Amino acid sequence: MSNEKFTARILVVDDQESNVRVLEAMLSKCGFQTVPVTRGEDALGRIMAETVDLVLLDALMPGMDGFEVCRLIRSKPELAEIPIIFLSAADEKAFIVRALEAGAVDYVTKPFNQSELISRVRTHLALKQTRDHLRRVAEDKDELLGILTHDLKNHLGGMQMSAQLLHDRASELTEPRLTRMSTNILNASNQMFAFVKEFLANTAADRGYALNLEVVSLASAASAAVQRYSEAALRKAIVIQEDLPDDTPLVLADRGALDQVIDNLVSNAVKFSPPEKSIWVTIGASKDGMVEFRIRDEGPGFDVGDHAKMFARYRRLSAKPTAGEPSTGLGLSIAKRHVDNMNGQLVCESEPGKGATFVLRLPAGQ
């Protein structure tokens with residue numbers, strides 16, 4: 001705290017120069033630097049031009065009052081974390097509520113007690129310092145994990161290809177011990193590669209990347225996903241039955257996010273279906289301006305406990321992959337966040353032992 005009180009810069013906004021001088025003297029004694037402003041119209045320009053850690057703002061000023069200044073500051077994302085303390089002779093509850101609704105963090109009435117004001121200033125500066133520190137730690141962690149997982153993804157991709165070639169070659173040699181070892185290597189590399197990909201997707205979803213909503217074909221996205229997993233389904237003798245009419249209405253969605261959601265639903269259906277079963281993929285319009293994508297399998301289904309944690313991160317459900325496929329517990333969580341951000345709905349209809357149906361609903365494109 002001692003270092004901060006000598007470096008913190010406080011913007012003082014008051015139309016009375018005498019008040020500004022009093023506040024400057026008071027804050028300077030405590031080691032704070034001040035940036036004086038006597039017009040509300042000049043406050044935003046000063047805070048944009050200079051680094052400011054806190055704002056002391058008079059509520060009632062001619063021209064642009066403190067409430068409007070506060071709203072303008074809060075409208076700038078880069079200034080959103082700067083604490084604003086209102087100063088005013090008015091102590092009515094309506095004024096205090098109005099100040100807090102405008103974006104202030106505190107309200108001190110005039111004439112104020114010097115010790116009280118300095119205490120509140122220090123408290124909000126300390127809170128800001130803590131928030132800034134936590135944000136930097138989170139950013140550093142995300143950057144480090146991003147670098148590590150990106151490099152891991154590249155290496156694991158090469159390892160996965162090599163493991164597949166080794167496994168294919170071992171199978172041709174009909175050497176049981178070599179086949180078992182190569183199978184273990186292939187399964188381990190597949191699981192690690194799947195987890196790293198899901199982790200990167202989860203990180204991107206957490207950061208809330210900007211969606212590019214456009215009119216796209218849900219039928220095309222579904223057909224492409226089915227094609228991608230046709231080989232995996234064939235290896236388990238699973239039949240995927242499609243009903244994807246060409247005249248199905250288009251949807252308003254982000255193309256990349258939509259592909260990821262459909263990919264997850266189709267891959268899960270294949271992953272959790274026993275061999276020699278069927279999967280049904282259908283699309284149709286509903287009466288409320290939405291378009292539905294449904295995928296039904298004949299897997300083990302989900303119980304009540306599964307439904308409660310269905311879309312939570314890193315939660316393993318009761319159903320297990322039927323051929324040792326990797327499962328990270330992230331896919332449905334990522335899909336749900338994407339769907340929510342696209343103004344859609346994602347639900348699961350299932351009972352234990354009766355398979356599962358995932359229903360994706362998206363707004364129809366205009």
# chains A, B, ... in the order shown; residues from 1 in each chain; ligands from 1
call {"tool": "select_by_dssp", "arguments": {"residues": "region 250-345 of chain A", "states": "strand (DSSP E or B)", "output": "list of chain:residue names"}}
result
A:Val251, A:Leu252, A:Ala253, A:Asp254, A:Ser278, A:Ile279, A:Trp280, A:Val281, A:Thr282, A:Ile283, A:Gly284, A:Ala285, A:Met290, A:Val291, A:Glu292, A:Phe293, A:Arg294, A:Ile295, A:Arg296, A:Gln345
call {"tool": "residues_around", "arguments": {"residues": "region 70-77 of chain A", "least_positions_apart": "3", "cutoff": "8 Å", "atoms": "only C-alpha atoms", "output": "count of residues only"}}
result
8
call {"tool": "closest_residue", "arguments": {"among": "A:Phe293, A:Phe112, A:Phe358, A:Phe272", "to": "Leu250 (chain A)", "atoms": "only C-alpha atoms"}}
result
A:Phe293
call {"tool": "closest_atom_pairs", "arguments": {"of": "region 289-319 of chain A", "to": "region 342-349 of chain A", "cutoff": "10 Å", "atoms": "only C-alpha atoms", "output": "Markdown table"}}
result
| residue | atom | partner | partner_atom | distance |
| --- | --- | --- | --- | --- |
| A:Met290 | CA | A:Gly344 | CA | 8.4 |
| A:Val291 | CA | A:Gly344 | CA | 9.5 |
| A:Glu292 | CA | A:Gln345 | CA | 9.4 |
| A:Phe293 | CA | A:Leu346 | CA | 9.6 |
| A:Arg294 | CA | A:Cys348 | CA | 9.8 |
| A:Ile295 | CA | A:Cys348 | CA | 9.8 |
| A:Arg296 | CA | A:Glu349 | CA | 9.1 |
| A:Gly301 | CA | A:Glu349 | CA | 8.9 |
| A:Phe302 | CA | A:Glu349 | CA | 8.7 |
| A:His307 | CA | A:Cys348 | CA | 7.8 |
| A:Met310 | CA | A:Cys348 | CA | 8.4 |
| A:Phe311 | CA | A:Val347 | CA | 9.4 |
call {"tool": "residues_around", "arguments": {"residues": "Arg180 (chain A)", "least_positions_apart": "5", "cutoff": "10 Å", "atoms": "only C-alpha atoms", "output": "number ranges by chain"}}
result
A: 167, 170-171, 175, 185-186
call {"tool": "closest_residue", "arguments": {"among": "A:Lys277, A:His338, A:Lys354, A:His124", "to": "Pro83 (chain A)", "atoms": "only C-alpha atoms"}}
result
A:His124
call {"tool": "atom_distance", "arguments": {"atom1": "CA of Gly305 (chain A)", "atom2": "CA of Gly331 (chain A)"}}
result
18.0 Å
call {"tool": "select_by_dssp", "arguments": {"residues": "region 55-106 of chain A", "states": "helix (DSSP H, G or I)", "output": "PDB file with C-alpha atoms, in the first residue's frame"}}
result
ATOM      1  CA  GLY A  66     -21.372  14.408 -12.521  1.00  0.00           C
ATOM      2  CA  PHE A  67     -23.953  11.788 -13.412  1.00  0.00           C
ATOM      3  CA  GLU A  68     -23.409  12.324 -17.142  1.00  0.00           C
ATOM      4  CA  VAL A  69     -19.617  12.379 -16.684  1.00  0.00           C
ATOM      5  CA  CYS A  70     -19.824   9.075 -14.803  1.00  0.00           C
ATOM      6  CA  ARG A  71     -21.932   7.451 -17.517  1.00  0.00           C
ATOM      7  CA  LEU A  72     -19.510   8.641 -20.212  1.00  0.00           C
ATOM      8  CA  ILE A  73     -16.540   7.188 -18.347  1.00  0.00           C
ATOM      9  CA  ARG A  74     -18.327   3.884 -17.834  1.00  0.00           C
ATOM     10  CA  PRO A  77     -14.429  -0.330 -21.827  1.00  0.00           C
ATOM     11  CA  GLU A  78     -10.837   0.697 -21.159  1.00  0.00           C
ATOM     12  CA  LEU A  79     -12.002   2.913 -18.255  1.00  0.00           C
ATOM     13  CA  LYS A  93     -31.237   8.577  -0.872  1.00  0.00           C
ATOM     14  CA  ALA A  94     -32.464   9.311  -4.394  1.00  0.00           C
ATOM     15  CA  PHE A  95     -29.178  11.092  -5.180  1.00  0.00           C
ATOM     16  CA  ILE A  96     -27.097   8.248  -3.784  1.00  0.00           C
ATOM     17  CA  VAL A  97     -29.061   5.639  -5.733  1.00  0.00           C
ATOM     18  CA  ARG A  98     -28.748   7.727  -8.905  1.00  0.00           C
ATOM     19  CA  ALA A  99     -24.975   7.964  -8.438  1.00  0.00           C
ATOM     20  CA  LEU A 100     -24.571   4.232  -7.914  1.00  0.00           C
ATOM     21  CA  GLU A 101     -26.771   3.473 -10.915  1.00  0.00           C
ATOM     22  CA  ALA A 102     -24.579   5.780 -13.036  1.00  0.00           C
TER      23      ALA A 102
END
call {"tool": "residues_around", "arguments": {"residues": "region 55-61 of chain A", "least_positions_apart": "3", "cutoff": "7 Å", "atoms": "only C-alpha atoms", "output": "list of chain:residue names"}}
result
A:Ile10, A:Leu11, A:Val12, A:Val13, A:Asp14, A:Asp15, A:Met64, A:Asp65, A:Gly66, A:Phe67, A:Pro83, A:Ile84, A:Ile85, A:Phe86, A:Leu87, A:Ser88
call {"tool": "write_last_selection", "arguments": {"atoms": "C-alpha atoms", "output": "short mmCIF file (atom, residue, chain, number, x, y, z; two decimals), in the first residue's frame"}}
result
data_model
loop_
_atom_site.label_atom_id
_atom_site.label_comp_id
_atom_site.auth_asym_id
_atom_site.auth_seq_id
_atom_site.Cartn_x
_atom_site.Cartn_y
_atom_site.Cartn_z
CA ILE A 10 -6.59 10.89 -8.75
CA LEU A 11 -8.78 12.94 -11.08
CA VAL A 12 -10.59 15.65 -9.08
CA VAL A 13 -13.65 17.06 -10.87
CA ASP A 14 -15.44 20.01 -9.22
CA ASP A 15 -16.71 23.29 -10.67
CA MET A 64 -22.42 18.48 -17.86
CA ASP A 65 -23.14 17.21 -14.35
CA GLY A 66 -21.37 14.41 -12.52
CA PHE A 67 -23.95 11.79 -13.41
CA PRO A 83 -13.37 3.60 -9.27
CA ILE A 84 -15.51 6.75 -9.15
CA ILE A 85 -16.46 8.36 -5.82
CA PHE A 86 -19.18 11.02 -5.89
CA LEU A 87 -18.90 14.14 -3.73
CA SER A 88 -22.05 16.18 -3.08
#
call {"tool": "closest_residue", "arguments": {"among": "A:Ala233, A:Val216, A:Ala312, A:Leu156", "to": "Gln191 (chain A)", "atoms": "only C-alpha atoms"}}
result
A:Leu156
call {"tool": "closest_residue", "arguments": {"among": "A:Gln241, A:Gln227, A:Ser286, A:Gln114", "to": "Ser267 (chain A)", "atoms": "only C-alpha atoms"}}
result
A:Gln227
